[in-house]
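**Q** What follows is structure.pdb, PDB, N, CA and C atoms, pLDDT in the B column.
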ATOM      1  N   MET A   9       0.842  -1.179   0.000  1.00 92.00           N
ATOM      2  CA  MET A   9       0.000   0.000   0.000  1.00 92.00           C
ATOM      3  C   MET A   9       0.887   1.242   0.000  1.00 92.00           C
ATOM      4  N   ILE A  10       0.594   2.174  -0.868  1.00 97.00           N
ATOM      5  CA  ILE A  10       1.298   3.447  -0.965  1.00 97.00           C
ATOM      6  C   ILE A  10       0.421   4.515  -0.316  1.00 97.00           C
ATOM      7  N   THR A  11       0.967   5.229   0.660  1.00 98.00           N
ATOM      8  CA  THR A  11       0.231   6.288   1.337  1.00 98.00           C
ATOM      9  C   THR A  11       1.046   7.571   1.290  1.00 98.00           C
ATOM     10  N   ILE A  12       0.504   8.567   0.624  1.00 98.00           N
ATOM     11  CA  ILE A  12       1.152   9.875   0.534  1.00 98.00           C
ATOM     12  C   ILE A  12       0.505  10.769   1.580  1.00 98.00           C
ATOM     13  N   ARG A  13       1.361  11.431   2.360  1.00 98.00           N
ATOM     14  CA  ARG A  13       0.864  12.291   3.444  1.00 98.00           C
ATOM     15  C   ARG A  13       1.337  13.721   3.235  1.00 98.00           C
ATOM     16  N   ASP A  14       0.499  14.676   3.671  1.00 97.00           N
ATOM     17  CA  ASP A  14       0.884  16.080   3.560  1.00 97.00           C
ATOM     18  C   ASP A  14       1.815  16.457   4.704  1.00 97.00           C
ATOM     19  N   SER A  15       2.188  17.731   4.769  1.00 96.00           N
ATOM     20  CA  SER A  15       3.146  18.172   5.781  1.00 96.00           C
ATOM     21  C   SER A  15       2.602  18.067   7.205  1.00 96.00           C
ATOM     22  N   ASP A  16       1.283  17.948   7.347  1.00 97.00           N
ATOM     23  CA  ASP A  16       0.661  17.741   8.664  1.00 97.00           C
ATOM     24  C   ASP A  16       0.391  16.270   8.942  1.00 97.00           C
ATOM     25  N   PHE A  17       0.910  15.394   8.097  1.00 96.00           N
ATOM     26  CA  PHE A  17       0.820  13.941   8.199  1.00 96.00           C
ATOM     27  C   PHE A  17      -0.597  13.398   7.947  1.00 96.00           C
ATOM     28  N   ARG A  18      -1.422  14.208   7.286  1.00 98.00           N
ATOM     29  CA  ARG A  18      -2.749  13.734   6.878  1.00 98.00           C
ATOM     30  C   ARG A  18      -2.621  13.016   5.543  1.00 98.00           C
ATOM     31  N   ILE A  19      -3.364  11.953   5.354  1.00 98.00           N
ATOM     32  CA  ILE A  19      -3.331  11.205   4.096  1.00 98.00           C
ATOM     33  C   ILE A  19      -3.970  12.045   2.993  1.00 98.00           C
ATOM     34  N   VAL A  20      -3.217  12.250   1.910  1.00 97.00           N
ATOM     35  CA  VAL A  20      -3.742  12.992   0.765  1.00 97.00           C
ATOM     36  C   VAL A  20      -3.950  12.087  -0.454  1.00 97.00           C
ATOM     37  N   SER A  21      -3.345  10.904  -0.432  1.00 97.00           N
ATOM     38  CA  SER A  21      -3.518   9.957  -1.522  1.00 97.00           C
ATOM     39  C   SER A  21      -3.072   8.572  -1.047  1.00 97.00           C
ATOM     40  N   SER A  22      -3.755   7.557  -1.525  1.00 97.00           N
ATOM     41  CA  SER A  22      -3.316   6.184  -1.248  1.00 97.00           C
ATOM     42  C   SER A  22      -3.660   5.318  -2.452  1.00 97.00           C
ATOM     43  N   SER A  23      -2.856   4.295  -2.654  1.00 97.00           N
ATOM     44  CA  SER A  23      -3.085   3.376  -3.760  1.00 97.00           C
ATOM     45  C   SER A  23      -2.469   2.026  -3.425  1.00 97.00           C
ATOM     46  N   ARG A  24      -2.802   1.058  -4.219  1.00 96.00           N
ATOM     47  CA  ARG A  24      -2.298  -0.294  -3.988  1.00 96.00           C
ATOM     48  C   ARG A  24      -0.933  -0.529  -4.622  1.00 96.00           C
ATOM     49  N   ASN A  25      -0.496   0.425  -5.459  1.00 96.00           N
ATOM     50  CA  ASN A  25       0.772   0.230  -6.167  1.00 96.00           C
ATOM     51  C   ASN A  25       1.438   1.569  -6.471  1.00 96.00           C
ATOM     52  N   LEU A  26       2.516   1.532  -7.209  1.00 97.00           N
ATOM     53  CA  LEU A  26       3.304   2.725  -7.517  1.00 97.00           C
ATOM     54  C   LEU A  26       2.574   3.710  -8.427  1.00 97.00           C
ATOM     55  N   ARG A  27       1.492   3.293  -9.026  1.00 97.00           N
ATOM     56  CA  ARG A  27       0.701   4.183  -9.872  1.00 97.00           C
ATOM     57  C   ARG A  27       0.268   5.422  -9.082  1.00 97.00           C
ATOM     58  N   GLY A  28       0.014   5.274  -7.788  1.00 97.00           N
ATOM     59  CA  GLY A  28      -0.377   6.409  -6.960  1.00 97.00           C
ATOM     60  C   GLY A  28       0.690   7.487  -6.916  1.00 97.00           C
ATOM     61  N   ILE A  29       1.949   7.083  -6.878  1.00 98.00           N
ATOM     62  CA  ILE A  29       3.057   8.050  -6.884  1.00 98.00           C
ATOM     63  C   ILE A  29       3.128   8.744  -8.238  1.00 98.00           C
ATOM     64  N   ILE A  30       2.988   7.985  -9.302  1.00 97.00           N
ATOM     65  CA  ILE A  30       3.040   8.554 -10.648  1.00 97.00           C
ATOM     66  C   ILE A  30       1.907   9.558 -10.834  1.00 97.00           C
ATOM     67  N   ASP A  31       0.697   9.184 -10.454  1.00 97.00           N
ATOM     68  CA  ASP A  31      -0.455  10.073 -10.613  1.00 97.00           C
ATOM     69  C   ASP A  31      -0.302  11.347  -9.786  1.00 97.00           C
ATOM     70  N   TYR A  32       0.147  11.212  -8.549  1.00 97.00           N
ATOM     71  CA  TYR A  32       0.321  12.381  -7.681  1.00 97.00           C
ATOM     72  C   TYR A  32       1.400  13.305  -8.254  1.00 97.00           C
ATOM     73  N   SER A  33       2.420  12.719  -8.845  1.00 97.00           N
ATOM     74  CA  SER A  33       3.527  13.494  -9.405  1.00 97.00           C
ATOM     75  C   SER A  33       3.124  14.229 -10.679  1.00 97.00           C
ATOM     76  N   ARG A  34       2.055  13.823 -11.308  1.00 96.00           N
ATOM     77  CA  ARG A  34       1.555  14.559 -12.467  1.00 96.00           C
ATOM     78  C   ARG A  34       0.914  15.877 -12.051  1.00 96.00           C
ATOM     79  N   ARG A  35       0.376  15.907 -10.850  1.00 96.00           N
ATOM     80  CA  ARG A  35      -0.331  17.091 -10.358  1.00 96.00           C
ATOM     81  C   ARG A  35       0.519  17.973  -9.447  1.00 96.00           C
ATOM     82  N   HIS A  36       1.636  17.434  -8.952  1.00 97.00           N
ATOM     83  CA  HIS A  36       2.482  18.157  -7.997  1.00 97.00           C
ATOM     84  C   HIS A  36       3.946  17.980  -8.372  1.00 97.00           C
ATOM     85  N   ILE A  37       4.738  19.015  -8.154  1.00 97.00           N
ATOM     86  CA  ILE A  37       6.156  18.990  -8.504  1.00 97.00           C
ATOM     87  C   ILE A  37       6.943  18.146  -7.501  1.00 97.00           C
ATOM     88  N   VAL A  38       7.710  17.198  -8.015  1.00 98.00           N
ATOM     89  CA  VAL A  38       8.580  16.378  -7.174  1.00 98.00           C
ATOM     90  C   VAL A  38       9.815  17.206  -6.837  1.00 98.00           C
ATOM     91  N   GLU A  39      10.063  17.364  -5.563  1.00 98.00           N
ATOM     92  CA  GLU A  39      11.185  18.182  -5.109  1.00 98.00           C
ATOM     93  C   GLU A  39      12.436  17.354  -4.841  1.00 98.00           C
ATOM     94  N   ARG A  40      12.245  16.162  -4.293  1.00 98.00           N
ATOM     95  CA  ARG A  40      13.404  15.354  -3.881  1.00 98.00           C
ATOM     96  C   ARG A  40      13.048  13.866  -3.938  1.00 98.00           C
ATOM     97  N   VAL A  41      14.054  13.073  -4.344  1.00 98.00           N
ATOM     98  CA  VAL A  41      13.922  11.616  -4.380  1.00 98.00           C
ATOM     99  C   VAL A  41      15.128  11.041  -3.651  1.00 98.00           C
ATOM    100  N   ASP A  42      14.882  10.188  -2.663  1.00 98.00           N
ATOM    101  CA  ASP A  42      15.949   9.545  -1.890  1.00 98.00           C
ATOM    102  C   ASP A  42      15.790   8.038  -1.960  1.00 98.00           C
ATOM    103  N   ILE A  43      16.914   7.349  -2.091  1.00 98.00           N
ATOM    104  CA  ILE A  43      16.912   5.881  -2.066  1.00 98.00           C
ATOM    105  C   ILE A  43      17.895   5.432  -0.990  1.00 98.00           C
ATOM    106  N   TRP A  44      17.400   4.566  -0.111  1.00 97.00           N
ATOM    107  CA  TRP A  44      18.238   3.985   0.938  1.00 97.00           C
ATOM    108  C   TRP A  44      18.379   2.493   0.655  1.00 97.00           C
ATOM    109  N   PRO A  45      19.524   2.073   0.063  1.00 96.00           N
ATOM    110  CA  PRO A  45      19.734   0.645  -0.188  1.00 96.00           C
ATOM    111  C   PRO A  45      20.059  -0.093   1.107  1.00 96.00           C
ATOM    112  N   HIS A  46      19.709  -1.352   1.132  1.00 95.00           N
ATOM    113  CA  HIS A  46      20.018  -2.209   2.279  1.00 95.00           C
ATOM    114  C   HIS A  46      20.955  -3.325   1.832  1.00 95.00           C
ATOM    115  N   ALA A  47      21.722  -3.839   2.750  1.00 93.00           N
ATOM    116  CA  ALA A  47      22.682  -4.905   2.448  1.00 93.00           C
ATOM    117  C   ALA A  47      21.996  -6.130   1.850  1.00 93.00           C
ATOM    118  N   SER A  48      20.732  -6.330   2.150  1.00 95.00           N
ATOM    119  CA  SER A  48      19.993  -7.487   1.643  1.00 95.00           C
ATOM    120  C   SER A  48      19.637  -7.374   0.166  1.00 95.00           C
ATOM    121  N   GLY A  49      19.913  -6.195  -0.446  1.00 95.00           N
ATOM    122  CA  GLY A  49      19.577  -5.993  -1.849  1.00 95.00           C
ATOM    123  C   GLY A  49      18.259  -5.258  -2.046  1.00 95.00           C
ATOM    124  N   THR A  50      17.522  -5.026  -0.965  1.00 97.00           N
ATOM    125  CA  THR A  50      16.270  -4.280  -1.031  1.00 97.00           C
ATOM    126  C   THR A  50      16.573  -2.784  -0.914  1.00 97.00           C
ATOM    127  N   ALA A  51      15.545  -1.970  -0.961  1.00 97.00           N
ATOM    128  CA  ALA A  51      15.746  -0.525  -0.825  1.00 97.00           C
ATOM    129  C   ALA A  51      14.465   0.135  -0.337  1.00 97.00           C
ATOM    130  N   GLN A  52      14.630   1.298   0.266  1.00 97.00           N
ATOM    131  CA  GLN A  52      13.496   2.149   0.599  1.00 97.00           C
ATOM    132  C   GLN A  52      13.578   3.376  -0.287  1.00 97.00           C
ATOM    133  N   LEU A  53      12.428   3.803  -0.774  1.00 98.00           N
ATOM    134  CA  LEU A  53      12.323   4.978  -1.627  1.00 98.00           C
ATOM    135  C   LEU A  53      11.556   6.051  -0.877  1.00 98.00           C
ATOM    136  N   GLY A  54      12.099   7.248  -0.839  1.00 98.00           N
ATOM    137  CA  GLY A  54      11.414   8.380  -0.236  1.00 98.00           C
ATOM    138  C   GLY A  54      11.272   9.489  -1.268  1.00 98.00           C
ATOM    139  N   ILE A  55      10.071  10.055  -1.361  1.00 98.00           N
ATOM    140  CA  ILE A  55       9.808  11.143  -2.302  1.00 98.00           C
ATOM    141  C   ILE A  55       9.168  12.285  -1.535  1.00 98.00           C
ATOM    142  N   THR A  56       9.623  13.503  -1.828  1.00 98.00           N
ATOM    143  CA  THR A  56       9.039  14.700  -1.244  1.00 98.00           C
ATOM    144  C   THR A  56       8.618  15.623  -2.378  1.00 98.00           C
ATOM    145  N   TRP A  57       7.400  16.155  -2.274  1.00 98.00           N
ATOM    146  CA  TRP A  57       6.876  17.081  -3.268  1.00 98.00           C
ATOM    147  C   TRP A  57       7.007  18.513  -2.762  1.00 98.00           C
ATOM    148  N   ALA A  58       6.955  19.473  -3.668  1.00 98.00           N
ATOM    149  CA  ALA A  58       7.117  20.890  -3.322  1.00 98.00           C
ATOM    150  C   ALA A  58       6.029  21.387  -2.373  1.00 98.00           C
ATOM    151  N   ASN A  59       4.869  20.734  -2.356  1.00 97.00           N
ATOM    152  CA  ASN A  59       3.783  21.151  -1.470  1.00 97.00           C
ATOM    153  C   ASN A  59       3.938  20.593  -0.050  1.00 97.00           C
ATOM    154  N   GLY A  60       5.029  19.867   0.214  1.00 98.00           N
ATOM    155  CA  GLY A  60       5.292  19.327   1.540  1.00 98.00           C
ATOM    156  C   GLY A  60       4.847  17.892   1.738  1.00 98.00           C
ATOM    157  N   ALA A  61       4.155  17.327   0.766  1.00 98.00           N
ATOM    158  CA  ALA A  61       3.719  15.931   0.865  1.00 98.00           C
ATOM    159  C   ALA A  61       4.929  15.011   0.697  1.00 98.00           C
ATOM    160  N   SER A  62       4.801  13.789   1.238  1.00 98.00           N
ATOM    161  CA  SER A  62       5.912  12.837   1.128  1.00 98.00           C
ATOM    162  C   SER A  62       5.393  11.411   1.216  1.00 98.00           C
ATOM    163  N   VAL A  63       6.258  10.495   0.804  1.00 98.00           N
ATOM    164  CA  VAL A  63       5.953   9.067   0.866  1.00 98.00           C
ATOM    165  C   VAL A  63       7.260   8.306   1.060  1.00 98.00           C
ATOM    166  N   ILE A  64       7.182   7.208   1.759  1.00 98.00           N
ATOM    167  CA  ILE A  64       8.288   6.258   1.864  1.00 98.00           C
ATOM    168  C   ILE A  64       7.701   4.882   1.579  1.00 98.00           C
ATOM    169  N   THR A  65       8.359   4.140   0.699  1.00 98.00           N
ATOM    170  CA  THR A  65       7.882   2.807   0.366  1.00 98.00           C
ATOM    171  C   THR A  65       9.064   1.871   0.149  1.00 98.00           C
ATOM    172  N   ASP A  66       8.819   0.592   0.232  1.00 97.00           N
ATOM    173  CA  ASP A  66       9.860  -0.423   0.097  1.00 97.00           C
ATOM    174  C   ASP A  66       9.894  -1.002  -1.311  1.00 97.00           C
ATOM    175  N   PHE A  67      11.092  -1.311  -1.772  1.00 98.00           N
ATOM    176  CA  PHE A  67      11.311  -2.037  -3.024  1.00 98.00           C
ATOM    177  C   PHE A  67      12.034  -3.326  -2.676  1.00 98.00           C
ATOM    178  N   GLN A  68      11.722  -4.381  -3.358  1.00 97.00           N
ATOM    179  CA  GLN A  68      12.390  -5.658  -3.135  1.00 97.00           C
ATOM    180  C   GLN A  68      13.751  -5.712  -3.803  1.00 97.00           C
ATOM    181  N   SER A  69      14.035  -4.723  -4.654  1.00 97.00           N
ATOM    182  CA  SER A  69      15.310  -4.699  -5.366  1.00 97.00           C
ATOM    183  C   SER A  69      15.812  -3.259  -5.461  1.00 97.00           C
ATOM    184  N   PHE A  70      17.032  -3.033  -4.998  1.00 97.00           N
ATOM    185  CA  PHE A  70      17.669  -1.728  -5.125  1.00 97.00           C
ATOM    186  C   PHE A  70      17.813  -1.349  -6.591  1.00 97.00           C
ATOM    187  N   THR A  71      18.216  -2.298  -7.427  1.00 97.00           N
ATOM    188  CA  THR A  71      18.405  -2.048  -8.855  1.00 97.00           C
ATOM    189  C   THR A  71      17.102  -1.622  -9.514  1.00 97.00           C
ATOM    190  N   VAL A  72      16.022  -2.313  -9.227  1.00 98.00           N
ATOM    191  CA  VAL A  72      14.721  -1.964  -9.799  1.00 98.00           C
ATOM    192  C   VAL A  72      14.283  -0.587  -9.313  1.00 98.00           C
ATOM    193  N   CYS A  73      14.535  -0.277  -8.056  1.00 98.00           N
ATOM    194  CA  CYS A  73      14.186   1.029  -7.502  1.00 98.00           C
ATOM    195  C   CYS A  73      14.913   2.144  -8.256  1.00 98.00           C
ATOM    196  N   LYS A  74      16.222   1.983  -8.462  1.00 97.00           N
ATOM    197  CA  LYS A  74      17.005   2.979  -9.201  1.00 97.00           C
ATOM    198  C   LYS A  74      16.471   3.149 -10.624  1.00 97.00           C
ATOM    199  N   GLN A  75      16.185   2.027 -11.279  1.00 97.00           N
ATOM    200  CA  GLN A  75      15.698   2.076 -12.656  1.00 97.00           C
ATOM    201  C   GLN A  75      14.319   2.733 -12.733  1.00 97.00           C
ATOM    202  N   TRP A  76      13.464   2.419 -11.763  1.00 98.00           N
ATOM    203  CA  TRP A  76      12.117   2.994 -11.747  1.00 98.00           C
ATOM    204  C   TRP A  76      12.203   4.511 -11.607  1.00 98.00           C
ATOM    205  N   CYS A  77      13.040   4.985 -10.704  1.00 97.00           N
ATOM    206  CA  CYS A  77      13.200   6.431 -10.496  1.00 97.00           C
ATOM    207  C   CYS A  77      13.814   7.105 -11.717  1.00 97.00           C
ATOM    208  N   ALA A  78      14.819   6.480 -12.308  1.00 96.00           N
ATOM    209  CA  ALA A  78      15.496   7.053 -13.471  1.00 96.00           C
ATOM    210  C   ALA A  78      14.551   7.173 -14.670  1.00 96.00           C
ATOM    211  N   SER A  79      13.565   6.305 -14.742  1.00 96.00           N
ATOM    212  CA  SER A  79      12.639   6.333 -15.881  1.00 96.00           C
ATOM    213  C   SER A  79      11.535   7.375 -15.732  1.00 96.00           C
ATOM    214  N   ARG A  80      11.448   8.024 -14.589  1.00 96.00           N
ATOM    215  CA  ARG A  80      10.437   9.065 -14.355  1.00 96.00           C
ATOM    216  C   ARG A  80      11.002  10.407 -14.795  1.00 96.00           C
ATOM    217  N   ARG A  81      10.507  10.963 -15.855  1.00 92.00           N
ATOM    218  CA  ARG A  81      11.020  12.228 -16.383  1.00 92.00           C
ATOM    219  C   ARG A  81      10.767  13.404 -15.447  1.00 92.00           C
ATOM    220  N   ARG A  82       9.724  13.335 -14.649  1.00 89.00           N
ATOM    221  CA  ARG A  82       9.379  14.446 -13.750  1.00 89.00           C
ATOM    222  C   ARG A  82      10.159  14.405 -12.438  1.00 89.00           C
ATOM    223  N   PHE A  83      10.940  13.375 -12.236  1.00 96.00           N
ATOM    224  CA  PHE A  83      11.687  13.230 -10.984  1.00 96.00           C
ATOM    225  C   PHE A  83      13.087  13.834 -11.120  1.00 96.00           C
ATOM    226  N   PRO A  84      13.549  14.539 -10.105  1.00 96.00           N
ATOM    227  CA  PRO A  84      14.963  14.934 -10.101  1.00 96.00           C
ATOM    228  C   PRO A  84      15.826  13.690  -9.866  1.00 96.00           C
ATOM    229  N   ALA A  85      17.102  13.807 -10.095  1.00 95.00           N
ATOM    230  CA  ALA A  85      18.014  12.682  -9.849  1.00 95.00           C
ATOM    231  C   ALA A  85      17.908  12.242  -8.392  1.00 95.00           C
ATOM    232  N   ALA A  86      17.868  10.957  -8.198  1.00 96.00           N
ATOM    233  CA  ALA A  86      17.754  10.414  -6.838  1.00 96.00           C
ATOM    234  C   ALA A  86      19.051  10.562  -6.061  1.00 96.00           C
ATOM    235  N   VAL A  87      18.905  10.871  -4.792  1.00 96.00           N
ATOM    236  CA  VAL A  87      20.041  10.864  -3.879  1.00 96.00           C
ATOM    237  C   VAL A  87      20.119   9.457  -3.309  1.00 96.00           C
ATOM    238  N   ILE A  88      21.237   8.788  -3.555  1.00 96.00           N
ATOM    239  CA  ILE A  88      21.394   7.422  -3.058  1.00 96.00           C
ATOM    240  C   ILE A  88      22.274   7.476  -1.809  1.00 96.00           C
ATOM    241  N   HIS A  89      21.706   7.042  -0.707  1.00 95.00           N
ATOM    242  CA  HIS A  89      22.396   7.066   0.566  1.00 95.00           C
ATOM    243  C   HIS A  89      23.232   5.797   0.723  1.00 95.00           C
ATOM    244  N   SER A  90      24.198   5.804   1.609  1.00 84.00           N
ATOM    245  CA  SER A  90      25.088   4.654   1.756  1.00 84.00           C
ATOM    246  C   SER A  90      24.334   3.431   2.241  1.00 84.00           C
ATOM    247  N   LYS A  91      24.839   2.273   1.856  1.00 66.00           N
ATOM    248  CA  LYS A  91      24.190   1.019   2.237  1.00 66.00           C
ATOM    249  C   LYS A  91      24.286   0.808   3.734  1.00 66.00           C
ATOM    250  N   ALA A  92      23.205   0.247   4.268  1.00 54.00           N
ATOM    251  CA  ALA A  92      23.157  -0.037   5.704  1.00 54.00           C
ATOM    252  C   ALA A  92      23.898  -1.314   6.021  1.00 54.00           C
TER     253      ALA A  92
END
Just give me the structure as structure tokens.
**A**
Amino acid sequence: MITIRDSDFRIVSSSRNLRGIIDYSRRHIVERVDIWPHASGTAQLGITWANGASVITDFQSFTVCKQWCASRRRFPAAVIHSKA
């Protein structure tokens, strides 16, 4: 489940898959994209929009997460944090 919350932590959008992030990003400017890889090969993705909304979600593959973010034209380059 994908849950996007505003700056007051109220739910502004939810979806069963990544489509919710794509749809929300069509209506709001993506300000920042962060990826936190894990030693297990998984990753967490964090996105912040200019209106203060944000989301954090898990990916089963760090590589797929990087590729998914890179394929989004409206996203700035992801900041990849050091592996845990």
**Q** Counting only N, CA and C atoms, which residues come within 7 Å of (8.7, 8.4, 4.3), with the point read in the file's coordinates, and could you list them as a list in words?
**A**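 Protein, DNA and RNA residues close to (8.7, 8.4, 4.3): Leu53, Gly54, Ile55, Ser62, Val63, Ile64 and Thr65 of chain A.
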**Q** Apply the PyMOL selection byres (((chain A and resi 87 and name CA) around 6) and name CA) to the file shown and report the selected residues as a PyMOL selection string.
**A** chain A and resi 42+86+88
**Q** Between atom N of Pro45 (chain A) and CA of Cys73 (chain A), what is the distance in Å, rounded to a tenth?
**A** 9.3 Å
**Q** As a PyMOL selection string, please: every residue in chain A that a backbone DSSP assignment puts in strand (DSSP E).
**A** chain A and resi 10-13+19-23+38-45+51-57+62-67+87-88
**Q** Which residues are near Ile30 (chain A)? Cut-off 12 Å, only C-alpha atoms, ignore same chain within fewer than 5 positions. Put them as a short mmCIF file (atom, residue, chain, number, x, y, z; two decimals) with N, CA and C atoms, in the frame of the given file.
**A**
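That gives us part.cif:
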data_model
loop_
_atom_site.label_atom_id
_atom_site.label_comp_id
_atom_site.auth_asym_id
_atom_site.auth_seq_id
_atom_site.Cartn_x
_atom_site.Cartn_y
_atom_site.Cartn_z
N ILE A 10 0.59 2.17 -0.87
CA ILE A 10 1.30 3.45 -0.96
C ILE A 10 0.42 4.51 -0.32
N ILE A 12 0.50 8.57 0.62
CA ILE A 12 1.15 9.88 0.53
C ILE A 12 0.50 10.77 1.58
N SER A 21 -3.34 10.90 -0.43
CA SER A 21 -3.52 9.96 -1.52
C SER A 21 -3.07 8.57 -1.05
N SER A 22 -3.76 7.56 -1.52
CA SER A 22 -3.32 6.18 -1.25
C SER A 22 -3.66 5.32 -2.45
N SER A 23 -2.86 4.30 -2.65
CA SER A 23 -3.08 3.38 -3.76
C SER A 23 -2.47 2.03 -3.42
N ASN A 25 -0.50 0.42 -5.46
CA ASN A 25 0.77 0.23 -6.17
C ASN A 25 1.44 1.57 -6.47
N ARG A 35 0.38 15.91 -10.85
CA ARG A 35 -0.33 17.09 -10.36
C ARG A 35 0.52 17.97 -9.45
N HIS A 36 1.64 17.43 -8.95
CA HIS A 36 2.48 18.16 -8.00
C HIS A 36 3.95 17.98 -8.37
N ILE A 37 4.74 19.02 -8.15
CA ILE A 37 6.16 18.99 -8.50
C ILE A 37 6.94 18.15 -7.50
N VAL A 38 7.71 17.20 -8.02
CA VAL A 38 8.58 16.38 -7.17
C VAL A 38 9.82 17.21 -6.84
N ILE A 55 10.07 10.06 -1.36
CA ILE A 55 9.81 11.14 -2.30
C ILE A 55 9.17 12.28 -1.54
N TRP A 57 7.40 16.16 -2.27
CA TRP A 57 6.88 17.08 -3.27
C TRP A 57 7.01 18.51 -2.76
N VAL A 63 6.26 10.50 0.80
CA VAL A 63 5.95 9.07 0.87
C VAL A 63 7.26 8.31 1.06
N TRP A 76 13.46 2.42 -11.76
CA TRP A 76 12.12 2.99 -11.75
C TRP A 76 12.20 4.51 -11.61
N CYS A 77 13.04 4.99 -10.70
CA CYS A 77 13.20 6.43 -10.50
C CYS A 77 13.81 7.10 -11.72
N SER A 79 13.56 6.30 -14.74
CA SER A 79 12.64 6.33 -15.88
C SER A 79 11.54 7.38 -15.73
N ARG A 80 11.45 8.02 -14.59
CA ARG A 80 10.44 9.06 -14.36
C ARG A 80 11.00 10.41 -14.80
N ARG A 81 10.51 10.96 -15.86
CA ARG A 81 11.02 12.23 -16.38
C ARG A 81 10.77 13.40 -15.45
N ARG A 82 9.72 13.34 -14.65
CA ARG A 82 9.38 14.45 -13.75
C ARG A 82 10.16 14.40 -12.44
N PHE A 83 10.94 13.38 -12.24
CA PHE A 83 11.69 13.23 -10.98
C PHE A 83 13.09 13.83 -11.12
#
**Q** Starting from the displayed file, determine the output of the PyMOL selection byres ((chain A and resi 50) around 6.5) and express the residue list as an MDAnalysis selection string.
**A** chainID A and resid 44:49 51:52 67:70
**Q** Just to confirm, what's the straight-line distance from atom N of Arg24 (chain A) to atom C of Ile43 (chain A) in Å (one decimal)?
**A**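 Separation of atom N of Arg24 (chain A) and atom C of Ile43 (chain A): 21.4 Å.
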**Q** Please, what distance in Å, to one decimal, runs between atom C of Ile29 (chain A) and atom N of Thr11 (chain A)?
**A**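 Going from atom C of Ile29 (chain A) over to atom N of Thr11 (chain A), I get 9.8 Å.
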**Q** Restricting the calculation to only C-alpha atoms, which member of A:Ala78, A:Val41, A:Ala85, A:Ile19 is positioned closest to Thr56 (chain A)?
**A**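 So, comparing all the options, the nearest one is A:Val41.
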